[in-house]
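This is entry-v9.txt. It holds compact mmCIF, C-alpha atoms and all ligand atoms.
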```
# COMPACT_ATOMS: atom_id res chain seq x y z
CA MET Q 1 -76.60 53.92 -211.76
CA LYS Q 2 -73.73 54.97 -213.94
CA PHE Q 3 -72.01 58.23 -214.79
CA TYR Q 4 -68.94 58.72 -216.99
CA LEU Q 5 -67.25 62.04 -217.65
CA PRO Q 6 -63.51 61.83 -218.27
CA THR Q 7 -62.74 65.48 -219.17
CA LEU Q 8 -60.37 67.45 -216.96
CA VAL Q 9 -62.08 70.83 -216.47
CA TYR Q 10 -60.60 74.00 -215.01
CA SER Q 11 -62.77 77.06 -214.59
CA GLU Q 12 -61.23 80.32 -213.42
CA LYS Q 13 -59.95 83.70 -214.57
CA HIS Q 14 -56.73 83.52 -216.65
CA CYS Q 15 -57.38 79.82 -217.08
CA VAL Q 16 -55.34 79.40 -220.28
CA GLU Q 17 -52.29 81.12 -218.80
CA ASN Q 18 -52.63 79.20 -215.53
CA HIS Q 19 -52.68 75.81 -217.22
CA LYS Q 20 -50.31 76.25 -220.13
CA LYS Q 21 -48.03 73.51 -218.82
CA GLU Q 22 -50.88 71.07 -219.23
CA LEU Q 23 -51.10 72.03 -222.89
CA ALA Q 24 -47.42 71.17 -223.24
CA ASP Q 25 -48.12 67.70 -221.83
CA LEU Q 26 -50.26 66.93 -224.89
CA GLY Q 27 -47.50 67.17 -227.49
CA GLU Q 28 -45.19 69.49 -229.37
CA LYS Q 29 -47.52 70.89 -232.01
CA ALA Q 30 -51.11 72.08 -231.63
CA PHE Q 31 -53.78 72.54 -234.29
CA ILE Q 32 -55.90 75.56 -233.34
CA VAL Q 33 -59.42 75.33 -234.73
CA THR Q 34 -61.55 78.45 -234.58
CA GLY Q 35 -63.83 80.83 -236.48
CA LYS Q 36 -62.80 83.91 -238.42
CA HIS Q 37 -63.37 86.71 -235.92
CA SER Q 38 -64.66 86.22 -232.39
CA SER Q 39 -61.63 84.46 -230.88
CA LYS Q 40 -59.50 87.41 -232.04
CA VAL Q 41 -61.90 89.96 -230.57
CA ASN Q 42 -62.41 88.33 -227.16
CA GLY Q 43 -58.69 87.67 -226.60
CA SER Q 44 -58.87 83.88 -226.40
CA LEU Q 45 -56.76 83.27 -229.51
CA ASP Q 46 -53.98 85.58 -228.31
CA ASP Q 47 -54.04 83.88 -224.90
CA VAL Q 48 -53.65 80.44 -226.49
CA ILE Q 49 -50.86 81.54 -228.84
CA SER Q 50 -48.95 83.16 -226.01
CA ALA Q 51 -49.43 80.09 -223.77
CA LEU Q 52 -48.13 77.78 -226.52
CA SER Q 53 -45.24 80.08 -227.41
CA SER Q 54 -44.14 80.41 -223.80
CA GLN Q 55 -43.86 76.61 -223.66
CA GLY Q 56 -41.79 76.51 -226.85
CA MET Q 57 -44.60 74.74 -228.69
CA LYS Q 58 -45.42 74.95 -232.36
CA TYR Q 59 -48.90 75.43 -233.76
CA ALA Q 60 -50.93 75.68 -236.96
CA ILE Q 61 -54.22 77.57 -237.20
CA PHE Q 62 -57.39 76.71 -239.10
CA ASN Q 63 -59.76 79.67 -238.78
CA GLU Q 64 -62.42 78.78 -241.33
CA ILE Q 65 -65.02 77.16 -239.06
CA GLU Q 66 -68.42 78.51 -240.08
CA GLU Q 67 -71.66 78.59 -238.06
CA ASN Q 68 -73.05 75.04 -237.99
CA PRO Q 69 -69.87 73.60 -239.54
CA SER Q 70 -70.20 71.13 -242.38
CA THR Q 71 -68.57 67.74 -242.83
CA GLU Q 72 -66.76 69.28 -245.82
CA THR Q 73 -65.08 71.88 -243.59
CA VAL Q 74 -64.13 69.20 -241.10
CA MET Q 75 -62.51 67.07 -243.82
CA LYS Q 76 -60.63 70.07 -245.23
CA ALA Q 77 -59.28 70.96 -241.78
CA ALA Q 78 -58.42 67.34 -240.97
CA ASN Q 79 -56.35 67.04 -244.14
CA LEU Q 80 -54.48 70.24 -243.30
CA GLY Q 81 -53.93 69.18 -239.69
CA ARG Q 82 -52.59 65.80 -240.74
CA ALA Q 83 -50.22 67.40 -243.26
CA ALA Q 84 -49.02 69.78 -240.53
CA GLU Q 85 -48.26 66.75 -238.30
CA VAL Q 86 -50.04 68.15 -235.26
CA ASP Q 87 -50.18 66.21 -231.98
CA PHE Q 88 -53.46 67.56 -230.62
CA VAL Q 89 -56.34 69.90 -231.47
CA ILE Q 90 -57.50 73.02 -229.62
CA GLY Q 91 -61.05 74.20 -230.32
CA ILE Q 92 -61.64 77.85 -229.45
CA GLY Q 93 -65.07 79.46 -229.71
CA GLY Q 94 -68.71 78.53 -229.40
CA GLY Q 95 -70.29 75.22 -230.24
CA SER Q 96 -69.28 75.36 -233.90
CA PRO Q 97 -65.46 75.36 -233.48
CA MET Q 98 -65.61 73.12 -230.41
CA ASP Q 99 -67.79 70.49 -232.13
CA ALA Q 100 -65.67 70.73 -235.27
CA ALA Q 101 -62.44 70.29 -233.25
CA LYS Q 102 -63.62 66.87 -232.03
CA ALA Q 103 -64.51 65.64 -235.53
CA ILE Q 104 -61.28 67.07 -236.97
CA ALA Q 105 -59.23 65.32 -234.27
CA LEU Q 106 -61.01 62.08 -235.18
CA MET Q 107 -60.49 62.39 -238.93
CA ILE Q 108 -56.83 63.44 -238.67
CA ASN Q 109 -56.18 60.03 -237.16
CA ASN Q 110 -58.21 58.23 -239.83
CA PRO Q 111 -56.51 59.00 -243.15
CA GLY Q 112 -58.07 57.55 -246.28
CA ARG Q 113 -61.56 57.41 -244.76
CA ASP Q 114 -64.32 59.60 -246.18
CA ALA Q 115 -66.70 61.91 -244.31
CA ASP Q 116 -69.51 59.33 -244.20
CA VAL Q 117 -67.64 57.19 -241.66
CA MET Q 118 -68.29 59.91 -239.09
CA TYR Q 119 -71.96 58.92 -239.26
CA GLU Q 120 -71.43 55.17 -239.34
CA LYS Q 121 -71.09 52.99 -236.27
CA CYS Q 122 -67.78 51.55 -237.45
CA GLU Q 123 -64.32 50.97 -235.98
CA LEU Q 124 -62.10 54.03 -236.28
CA HIS Q 125 -58.76 54.95 -234.77
CA ASP Q 126 -59.13 57.10 -231.65
CA ALA Q 127 -59.17 60.88 -232.12
CA LEU Q 128 -56.14 62.99 -231.32
CA PRO Q 129 -56.42 64.63 -227.86
CA VAL Q 130 -58.79 67.61 -227.87
CA VAL Q 131 -58.60 70.76 -225.76
CA GLU Q 132 -61.68 73.00 -225.67
CA ILE Q 133 -61.79 76.68 -224.77
CA PRO Q 134 -65.39 77.98 -224.78
CA THR Q 135 -66.06 81.62 -225.61
CA THR Q 136 -69.85 81.36 -225.43
CA ALA Q 137 -72.03 79.97 -222.64
CA GLY Q 138 -74.49 77.70 -224.37
CA THR Q 139 -73.41 74.54 -226.07
CA GLY Q 140 -71.67 72.65 -223.27
CA SER Q 141 -69.50 71.16 -226.02
CA GLU Q 142 -66.45 71.87 -223.85
CA ILE Q 143 -67.58 68.93 -221.70
CA THR Q 144 -69.76 66.70 -223.87
CA PRO Q 145 -68.45 64.03 -226.26
CA TYR Q 146 -70.83 65.23 -229.00
CA SER Q 147 -69.97 66.77 -232.33
CA ILE Q 148 -72.95 68.07 -234.28
CA LEU Q 149 -72.21 68.88 -237.89
CA THR Q 150 -74.17 70.01 -240.91
CA TYR Q 151 -74.50 66.95 -243.10
CA HIS Q 152 -75.69 68.18 -246.49
CA LYS Q 153 -76.28 64.63 -247.68
CA ILE Q 154 -79.35 64.43 -245.43
CA LYS Q 155 -80.04 68.19 -245.43
CA THR Q 156 -79.86 68.76 -241.68
CA LYS Q 157 -77.53 68.96 -238.69
CA LYS Q 158 -76.74 65.71 -236.96
CA SER Q 159 -74.53 64.41 -234.19
CA ILE Q 160 -71.72 62.19 -235.50
CA ALA Q 161 -71.83 58.54 -234.42
CA HIS Q 162 -68.48 58.64 -232.58
CA LEU Q 163 -68.00 60.08 -229.11
CA VAL Q 164 -64.95 62.30 -228.60
CA PHE Q 165 -64.51 63.56 -225.04
CA PRO Q 166 -62.24 66.58 -224.69
CA LYS Q 167 -59.09 65.69 -222.77
CA LEU Q 168 -58.79 69.15 -221.22
CA THR Q 169 -61.19 72.09 -220.96
CA LEU Q 170 -60.13 75.59 -219.95
CA VAL Q 171 -63.06 77.81 -218.98
CA ASP Q 172 -62.74 81.57 -218.50
CA ALA Q 173 -66.00 83.53 -218.49
CA THR Q 174 -64.04 86.69 -219.36
CA TYR Q 175 -64.29 85.65 -223.03
CA LEU Q 176 -68.07 86.12 -222.95
CA LYS Q 177 -67.84 89.88 -222.55
CA THR Q 178 -67.52 90.82 -226.21
CA ALA Q 179 -70.49 88.79 -227.49
CA SER Q 180 -73.63 90.64 -228.62
CA ALA Q 181 -76.63 90.67 -226.27
CA GLU Q 182 -78.58 88.71 -228.86
CA ASN Q 183 -75.96 85.98 -229.05
CA THR Q 184 -75.67 85.83 -225.26
CA ILE Q 185 -79.44 85.34 -224.99
CA TYR Q 186 -79.63 82.65 -227.66
CA THR Q 187 -76.75 80.69 -226.17
CA ALA Q 188 -78.23 81.06 -222.67
CA VAL Q 189 -81.46 79.50 -223.95
CA ASP Q 190 -79.43 76.63 -225.39
CA THR Q 191 -78.02 76.06 -221.90
CA LEU Q 192 -81.50 76.19 -220.41
CA ALA Q 193 -82.68 73.61 -222.93
CA HIS Q 194 -79.80 71.26 -222.07
CA LEU Q 195 -80.62 71.48 -218.37
CA VAL Q 196 -84.34 70.91 -218.95
CA GLU Q 197 -84.06 68.23 -221.64
CA SER Q 198 -81.62 66.26 -219.52
CA TYR Q 199 -83.86 66.42 -216.44
CA LEU Q 200 -86.98 65.47 -218.43
CA ASN Q 201 -85.41 62.56 -220.24
CA THR Q 202 -85.75 58.80 -220.51
CA ASN Q 203 -82.10 58.36 -219.50
CA SER Q 204 -82.29 60.63 -216.47
CA ASN Q 205 -80.90 59.48 -213.14
CA SER Q 206 -79.98 61.31 -209.96
CA PHE Q 207 -76.42 62.04 -211.15
CA ASN Q 208 -77.42 64.11 -214.18
CA ARG Q 209 -80.42 65.53 -212.33
CA THR Q 210 -78.08 66.92 -209.69
CA PHE Q 211 -76.21 68.83 -212.38
CA SER Q 212 -79.47 69.97 -213.97
CA MET Q 213 -80.93 71.13 -210.68
CA ARG Q 214 -77.90 73.25 -209.79
CA GLY Q 215 -77.71 74.61 -213.33
CA LEU Q 216 -81.41 75.51 -213.37
CA GLU Q 217 -81.11 77.30 -210.03
CA ILE Q 218 -78.18 79.34 -211.34
CA TRP Q 219 -80.00 80.06 -214.60
CA GLY Q 220 -83.07 81.14 -212.66
CA SER Q 221 -80.98 83.53 -210.58
CA VAL Q 222 -80.00 85.49 -213.71
CA LYS Q 223 -83.19 85.17 -215.72
CA ASP Q 224 -84.24 88.76 -214.99
CA ASP Q 225 -80.79 90.03 -216.03
CA ILE Q 226 -81.19 88.12 -219.29
CA ARG Q 227 -84.63 89.67 -219.82
CA ARG Q 228 -83.20 93.15 -219.23
CA LYS Q 229 -80.02 92.41 -221.22
CA LYS Q 230 -77.96 93.40 -218.18
CA PHE Q 231 -74.81 91.34 -218.49
CA SER Q 232 -72.34 91.99 -215.67
CA GLU Q 233 -69.22 89.97 -214.90
CA ASP Q 234 -71.19 88.07 -212.28
CA VAL Q 235 -73.93 87.21 -214.79
CA TYR Q 236 -71.37 85.98 -217.34
CA GLU Q 237 -69.78 83.76 -214.71
CA LYS Q 238 -73.13 82.31 -213.74
CA LEU Q 239 -74.12 81.71 -217.36
CA MET Q 240 -70.85 79.88 -217.95
CA GLU Q 241 -71.29 77.79 -214.83
CA ALA Q 242 -74.84 76.87 -215.80
CA CYS Q 243 -73.58 76.01 -219.29
CA ASN Q 244 -70.95 73.65 -217.86
CA TYR Q 245 -73.60 71.92 -215.74
CA GLY Q 246 -75.76 71.57 -218.84
CA GLY Q 247 -72.87 69.92 -220.66
CA MET Q 248 -72.34 67.51 -217.77
CA ALA Q 249 -76.05 66.68 -217.67
CA ILE Q 250 -76.49 65.95 -221.39
CA THR Q 251 -73.25 63.99 -221.49
CA HIS Q 252 -75.18 61.39 -219.55
CA THR Q 253 -78.66 61.66 -221.07
CA GLY Q 254 -78.34 63.31 -224.47
CA THR Q 255 -80.91 65.95 -225.39
CA SER Q 256 -84.55 65.35 -226.31
CA LEU Q 257 -87.30 66.62 -228.61
CA PRO Q 258 -86.53 70.39 -228.62
CA HIS Q 259 -83.04 69.71 -229.92
CA GLY Q 260 -84.20 67.01 -232.34
CA LEU Q 261 -86.86 69.32 -233.77
CA SER Q 262 -84.62 72.40 -233.87
CA TYR Q 263 -82.08 71.20 -236.41
CA MET Q 264 -84.44 71.50 -239.37
CA LEU Q 265 -85.18 75.14 -238.46
CA THR Q 266 -81.50 75.92 -238.33
CA TYR Q 267 -80.75 74.09 -241.56
CA ASN Q 268 -83.68 75.45 -243.59
CA LEU Q 269 -84.32 78.88 -242.05
CA GLY Q 270 -80.91 79.76 -240.61
CA VAL Q 271 -82.38 80.22 -237.12
CA PRO Q 272 -79.47 80.28 -234.60
CA HIS Q 273 -79.28 77.09 -232.55
CA GLY Q 274 -80.35 78.45 -229.15
CA ARG Q 275 -83.24 80.38 -230.64
CA ALA Q 276 -84.35 77.36 -232.68
CA VAL Q 277 -84.33 75.16 -229.57
CA GLY Q 278 -86.29 77.83 -227.70
CA VAL Q 279 -89.15 77.50 -230.19
CA PHE Q 280 -89.91 74.09 -228.69
CA LEU Q 281 -88.77 74.35 -225.10
CA ALA Q 282 -91.82 75.66 -223.23
CA ARG Q 283 -94.17 73.41 -225.17
CA TYR Q 284 -91.90 70.47 -224.43
CA VAL Q 285 -92.25 71.06 -220.70
CA ARG Q 286 -96.01 71.45 -221.22
CA LEU Q 287 -96.17 68.15 -223.10
CA PHE Q 288 -94.06 66.40 -220.47
CA ALA Q 289 -96.35 67.76 -217.75
CA THR Q 290 -99.28 65.81 -219.21
CA HIS Q 291 -97.50 62.56 -218.18
CA GLY Q 292 -94.99 63.65 -215.55
CA PRO Q 293 -96.48 66.71 -213.84
CA GLU Q 294 -94.24 66.55 -210.77
CA ASP Q 295 -91.02 66.52 -212.77
CA ALA Q 296 -92.24 69.39 -214.95
CA ARG Q 297 -93.23 71.42 -211.88
CA LYS Q 298 -89.84 70.79 -210.30
CA VAL Q 299 -88.11 72.20 -213.40
CA LEU Q 300 -90.32 75.30 -213.38
CA ASN Q 301 -89.76 75.88 -209.67
CA LEU Q 302 -85.99 75.56 -209.99
CA ILE Q 303 -85.94 78.29 -212.65
CA GLY Q 304 -88.31 80.35 -210.53
CA PHE Q 305 -91.51 80.22 -212.57
CA ASP Q 306 -94.88 79.53 -210.97
CA ASN Q 307 -96.48 77.99 -214.02
CA LEU Q 308 -96.01 77.02 -217.65
CA ASP Q 309 -97.52 80.22 -219.01
CA GLU Q 310 -94.81 82.23 -217.29
CA LEU Q 311 -92.08 80.17 -218.93
CA GLU Q 312 -93.75 80.47 -222.32
CA GLU Q 313 -94.23 84.24 -222.02
CA TYR Q 314 -90.64 84.68 -220.85
CA LEU Q 315 -89.21 82.77 -223.82
CA ASP Q 316 -91.52 84.64 -226.22
CA PHE Q 317 -90.22 87.92 -224.83
CA ILE Q 318 -86.51 87.17 -225.04
CA LEU Q 319 -86.57 85.22 -228.32
CA GLY Q 320 -89.30 86.90 -230.39
CA HIS Q 321 -91.47 85.17 -232.95
CA VAL Q 322 -90.02 82.55 -235.30
CA SER Q 323 -92.26 81.94 -238.27
CA VAL Q 324 -92.61 78.26 -239.13
CA SER Q 325 -94.86 77.24 -242.01
CA ASP Q 326 -97.36 74.41 -241.68
CA ASP Q 327 -95.50 72.49 -244.38
CA MET Q 328 -92.26 72.73 -242.46
CA LYS Q 329 -93.92 71.67 -239.22
CA LYS Q 330 -95.38 68.64 -240.93
CA ALA Q 331 -92.05 67.73 -242.56
CA ASN Q 332 -90.28 68.14 -239.24
CA VAL Q 333 -92.77 65.96 -237.38
CA ASP Q 334 -92.65 63.27 -240.08
CA ALA Q 335 -88.85 63.23 -239.90
CA ILE Q 336 -88.85 62.85 -236.12
CA LEU Q 337 -91.56 60.17 -236.08
CA SER Q 338 -89.57 58.05 -238.52
CA ASN Q 339 -86.39 58.30 -236.45
CA ALA Q 340 -86.41 56.05 -233.40
CA ALA Q 341 -83.13 57.54 -232.16
CA LYS Q 342 -84.75 60.95 -231.83
CA LEU Q 343 -87.82 59.67 -230.02
CA LYS Q 344 -86.12 57.40 -227.51
CA ASN Q 345 -85.14 60.15 -225.06
CA TYR Q 346 -88.79 61.13 -224.53
CA PRO Q 347 -90.12 58.58 -222.04
CA PHE Q 348 -93.77 58.51 -223.14
CA GLU Q 349 -95.75 57.61 -226.27
CA LEU Q 350 -96.01 60.44 -228.77
CA THR Q 351 -98.66 61.30 -231.33
CA GLU Q 352 -98.30 63.40 -234.48
CA ASP Q 353 -100.69 65.94 -233.02
CA GLU Q 354 -98.62 66.30 -229.84
CA LEU Q 355 -95.47 66.86 -231.86
CA LEU Q 356 -97.17 69.52 -233.99
CA LYS Q 357 -98.22 71.31 -230.80
CA VAL Q 358 -94.64 71.31 -229.49
CA HIS Q 359 -93.94 73.88 -232.22
CA ARG Q 360 -94.57 77.14 -230.39
CA TYR Q 361 -95.15 79.29 -233.43
CA GLY Q 362 -97.12 79.15 -236.64
CA GLU Q 363 -96.89 81.35 -239.72
CA GLU Q 364 -96.93 85.08 -239.15
FE FE E 1 -77.78 72.71 -227.79
```

Show me the file's structure as structure tokens.
Ligand SMILES: [Fe+2]
Amino acid sequence: MKFYLPTLVYSEKHCVENHKKELADLGEKAFIVTGKHSSKVNGSLDDVISALSSQGMKYAIFNEIEENPSTETVMKAANLGRAAEVDFVIGIGGGSPMDAAKAIALMINNPGRDADVMYEKCELHDALPVVEIPTTAGTGSEITPYSILTYHKIKTKKSIAHLVFPKLTLVDATYLKTASAENTIYTAVDTLAHLVESYLNTNSNSFNRTFSMRGLEIWGSVKDDIRRKKFSEDVYEKLMEACNYGGMAITHTGTSLPHGLSYMLTYNLGVPHGRAVGVFLARYVRLFATHGPEDARKVLNLIGFDNLDELEEYLDFILGHVSVSDDMKKANVDAILSNAAKLKNYPFELTEDELLKVHRYGEE
């Protein structure tokens, strides 16, 4: 067995303040990568600026990361970061800024190369060091080496071909408090999907399963709070912890069919990532159960569901109906079936009919 996870992770209240000296160890000038609003509202941006300032460090800010960031945005930021002569990159936010920070850190160190090299298995200079500060509990990007960008050339989201592990991750669940209930639910479902897809995965071994099992137990302990939209400090802390476990788990295995199928919904219909993944999650467990019933039952039991119907009804309730046309289903299934990389994490043979059934919803 093998497990590799080189990111130094701290998780505690006032984490940024507590570990500001470790930021100073990474260089003299930071490139802060974030979105327009949320890092200002939840206090994370102020915390980072005050930590850097107290260490006498310089910084530049790029705050134009959009939802599902594009390769174009990454290239724009990388050019600015290189011109500003930054030593390392700090991603603050949800999956979008954190994923973008990794790709930006890579492209800053690869001047003269175009965006396409991110998707080619080619030799590149190593990325600048990356620090991640999550302000949502969903993506796990604060721990994974993955950077998923919108690649308009192929009209979907896709993980870049180069792995960039964050050097340092500073986790403080306090930043979750200002998110909307809707966003908290969608990101929580993303976490759930990571935990499940890693457990039910071709690459699964007992290392990643240990993370998944603990994460699923924690997720299960707050599932009724999520249903009631009752988000206390304790619930936020548990969601963040489960999210971190999900990141650790998929760092080893990658995700599986729900993630692979979700990207087209996000690209074409603008469905938020966690909600898009949730369209496929219960049916994925159902499909897996036809070949590996014990593993599927274990997952259900860890979350605290007695059967597959309960999981499906629960996800229907918290996510609502997502209308997917028959044409889009067919296009999605065709795209997956022609992509060996997307199929390889599902350990059994797959038919077109099975993949169509993994789509929970039809047209309204
Ligand atoms: Fe995800």

**Message:** What does the list of residues within 7 Å of ligand FE 1 (chain E) look like if you count all atoms listed in the file, written as a ChimeraX atom specification?
**Reply:** /Q:138-139,190-191,193-194,259,273-274

**d(atom CA of Q:Ala78, atom CA of Q:Val271) in Å** = 27.5 Å

**Asked** Smallest atom-to-atom distance to Q:Lys342: which of Q:Tyr263, Q:Tyr175, Q:Phe165, Q:Phe317, using all atoms listed in the file?
**Response**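 Looking at the shortest contact to Q:Lys342, the residue is Q:Tyr263.
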
**Prompt:** Which of these residues is nearest to Q:Ala289, using all atoms listed in the file: Q:Met98, Q:Leu200, Q:Leu257, Q:Ile336?
**Reply:**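 Counting all atoms listed in the file, the residue closest to Q:Ala289 is Q:Leu200.
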
**Prompt:** Which protein, DNA or RNA residues have an atom at most 7 Å from (-96.0, 68.0, -225.1), counting only C-alpha atoms? List them as a PyMOL selection string.
**Reply:** chain Q and resi 283-288+354-355+357-358

Using C-alpha atoms, can you write the selected residues to a file as a PDB file, keeping the file's coordinate frame?
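The file below, again.pdb, is the result:
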```
ATOM      1  CA  ARG Q 283     -94.170  73.410-225.170  1.00  0.00           C
ATOM      2  CA  TYR Q 284     -91.900  70.470-224.430  1.00  0.00           C
ATOM      3  CA  VAL Q 285     -92.250  71.060-220.700  1.00  0.00           C
ATOM      4  CA  ARG Q 286     -96.010  71.450-221.220  1.00  0.00           C
ATOM      5  CA  LEU Q 287     -96.170  68.150-223.100  1.00  0.00           C
ATOM      6  CA  PHE Q 288     -94.060  66.400-220.470  1.00  0.00           C
ATOM      7  CA  GLU Q 354     -98.620  66.300-229.840  1.00  0.00           C
ATOM      8  CA  LEU Q 355     -95.470  66.860-231.860  1.00  0.00           C
ATOM      9  CA  LYS Q 357     -98.220  71.310-230.800  1.00  0.00           C
ATOM     10  CA  VAL Q 358     -94.640  71.310-229.490  1.00  0.00           C
TER      11      VAL Q 358
END
```

**Message:** Taking 5 positions as the minimum chain separation for residues in the same chain, which residues sit within 7 Å of Q:Phe211 when counting all atoms listed in the file? Answer as an NGL selection string.
**Reply:** :Q and (245 or 248-249)

Could you write out the selected residues, including C-alpha atoms, as a PDB file, in the frame of the given file?
```
ATOM      1  CA  TYR Q 245     -73.600  71.920-215.740  1.00  0.00           C
ATOM      2  CA  MET Q 248     -72.340  67.510-217.770  1.00  0.00           C
ATOM      3  CA  ALA Q 249     -76.050  66.680-217.670  1.00  0.00           C
TER       4      ALA Q 249
END
```

**Separation of atom CA of Q:Lys223 from atom CA of Q:Pro272, in Å and rounded to one decimal** =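 Interatomic distance here is 19.9 Å.
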
**Message:** Just checking: using all atoms listed in the file, which residue out of Q:Gly35, Q:Pro6, Q:Gly215, Q:Gly246 ends up closest to Q:Pro145?
**Reply:**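 Residue with the minimum atom-to-atom distance to Q:Pro145: Q:Pro6.
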
Could you give me, as a CSV table (one decimal) with C-alpha atoms, in the frame of the given file, the residues within 9 Å of Q:Phe62, counting only C-alpha atoms and dropping anything in the same chain fewer than 6 positions from it?
```csv
chain,number,residue,atom,x,y,z
Q,31,PHE,CA,-53.8,72.5,-234.3
Q,32,ILE,CA,-55.9,75.6,-233.3
Q,33,VAL,CA,-59.4,75.3,-234.7
Q,34,THR,CA,-61.6,78.4,-234.6
Q,35,GLY,CA,-63.8,80.8,-236.5
Q,77,ALA,CA,-59.3,71.0,-241.8
Q,80,LEU,CA,-54.5,70.2,-243.3
Q,81,GLY,CA,-53.9,69.2,-239.7
```

**Asked** Using all atoms listed in the file, which of the listed residues (Q:Leu128, Q:Val279, Q:Met213, Q:Val222) sits closest to Q:Asp234?
**Response**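 Smallest separation from Q:Asp234 among the options: Q:Val222.
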
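In this comparison, which uses all atoms listed in the file, the residue of Q:Ala84, Q:Ala161, Q:Met57, Q:Val277 approaching Q:Leu315 most closely is Q:Val277.
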
**Message:** One decimal, in Å: what's the spacing between atom CA of Q:Gly260 and atom CA of Q:Met1?
**Reply:** 25.5 Å

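Nearest to Q:Arg227 of all the residues Q:Tyr151, Q:Tyr267, Q:Tyr314, Q:Phe207 is Q:Tyr314, counting only C-alpha atoms.
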
**Request:** Give me the residues within 8 Å of stretch 105-113 of chain Q as a ChimeraX atom specification, counting all atoms listed in the file and dropping any in the same chain fewer than 2 places off.
**Result:** /Q:75,78-79,81-82,88-89,101-103,115,117,124-130,164

**Message:** Need to verify the contact set: Q:Val48, 10 Å, all atoms listed in the file, exclusion of same-chain residues closer than 6 positions in sequence. Can you return it as a PyMOL selection string?
**Reply:** chain Q and resi 16-17+20+23+32+39+54+90+92+133

**Request:** Write out as JSON, numbers by chain the residues lying within 10 Å of Q:Asn183, counting all atoms listed in the file and excluding same-chain residues fewer than 2 positions away.
**Result:** {"Q": [136, 137, 138, 176, 179, 180, 181, 185, 186, 187, 188, 189, 272, 274, 275]}

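Every residue within 7 Å of the file position (-70.5, 69.3, -221.8), judged by all atoms listed in the file, is given as Gly140, Ser141, Glu142, Ile143, Thr144, Asn244, Gly246, Gly247, Met248, Ile250 and Thr251 of chain Q.
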
Given the block above, output stretch 178-189 of chain Q with N, CA and C atoms as a PDB file, in the first residue's frame.
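Result saved to result_23.pdb:
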```pdb
ATOM      1  N   THR Q 178     -20.353  33.097   7.540  1.00  0.00           N
ATOM      2  CA  THR Q 178     -21.075  34.103   6.755  1.00  0.00           C
ATOM      3  C   THR Q 178     -21.633  33.549   5.441  1.00  0.00           C
ATOM      4  N   ALA Q 179     -21.377  32.279   5.150  1.00  0.00           N
ATOM      5  CA  ALA Q 179     -21.904  31.706   3.897  1.00  0.00           C
ATOM      6  C   ALA Q 179     -23.423  31.528   3.984  1.00  0.00           C
ATOM      7  N   SER Q 180     -24.101  31.552   2.840  1.00  0.00           N
ATOM      8  CA  SER Q 180     -25.550  31.307   2.825  1.00  0.00           C
ATOM      9  C   SER Q 180     -25.817  29.838   3.155  1.00  0.00           C
ATOM     10  N   ALA Q 181     -27.036  29.576   3.647  1.00  0.00           N
ATOM     11  CA  ALA Q 181     -27.409  28.183   3.951  1.00  0.00           C
ATOM     12  C   ALA Q 181     -27.313  27.328   2.691  1.00  0.00           C
ATOM     13  N   GLU Q 182     -27.742  27.902   1.578  1.00  0.00           N
ATOM     14  CA  GLU Q 182     -27.723  27.160   0.313  1.00  0.00           C
ATOM     15  C   GLU Q 182     -26.291  26.744  -0.056  1.00  0.00           C
ATOM     16  N   ASN Q 183     -25.380  27.704   0.061  1.00  0.00           N
ATOM     17  CA  ASN Q 183     -23.992  27.412  -0.286  1.00  0.00           C
ATOM     18  C   ASN Q 183     -23.385  26.388   0.678  1.00  0.00           C
ATOM     19  N   THR Q 184     -23.739  26.505   1.949  1.00  0.00           N
ATOM     20  CA  THR Q 184     -23.235  25.550   2.943  1.00  0.00           C
ATOM     21  C   THR Q 184     -23.724  24.141   2.612  1.00  0.00           C
ATOM     22  N   ILE Q 185     -24.971  24.027   2.198  1.00  0.00           N
ATOM     23  CA  ILE Q 185     -25.520  22.705   1.852  1.00  0.00           C
ATOM     24  C   ILE Q 185     -24.828  22.140   0.605  1.00  0.00           C
ATOM     25  N   TYR Q 186     -24.701  22.957  -0.416  1.00  0.00           N
ATOM     26  CA  TYR Q 186     -24.093  22.451  -1.656  1.00  0.00           C
ATOM     27  C   TYR Q 186     -22.651  21.998  -1.413  1.00  0.00           C
ATOM     28  N   THR Q 187     -21.912  22.809  -0.649  1.00  0.00           N
ATOM     29  CA  THR Q 187     -20.513  22.434  -0.414  1.00  0.00           C
ATOM     30  C   THR Q 187     -20.437  21.193   0.480  1.00  0.00           C
ATOM     31  N   ALA Q 188     -21.377  21.074   1.426  1.00  0.00           N
ATOM     32  CA  ALA Q 188     -21.394  19.874   2.281  1.00  0.00           C
ATOM     33  C   ALA Q 188     -21.638  18.617   1.437  1.00  0.00           C
ATOM     34  N   VAL Q 189     -22.485  18.735   0.421  1.00  0.00           N
ATOM     35  CA  VAL Q 189     -22.736  17.579  -0.449  1.00  0.00           C
ATOM     36  C   VAL Q 189     -21.491  17.254  -1.277  1.00  0.00           C
TER      37      VAL Q 189
END
```
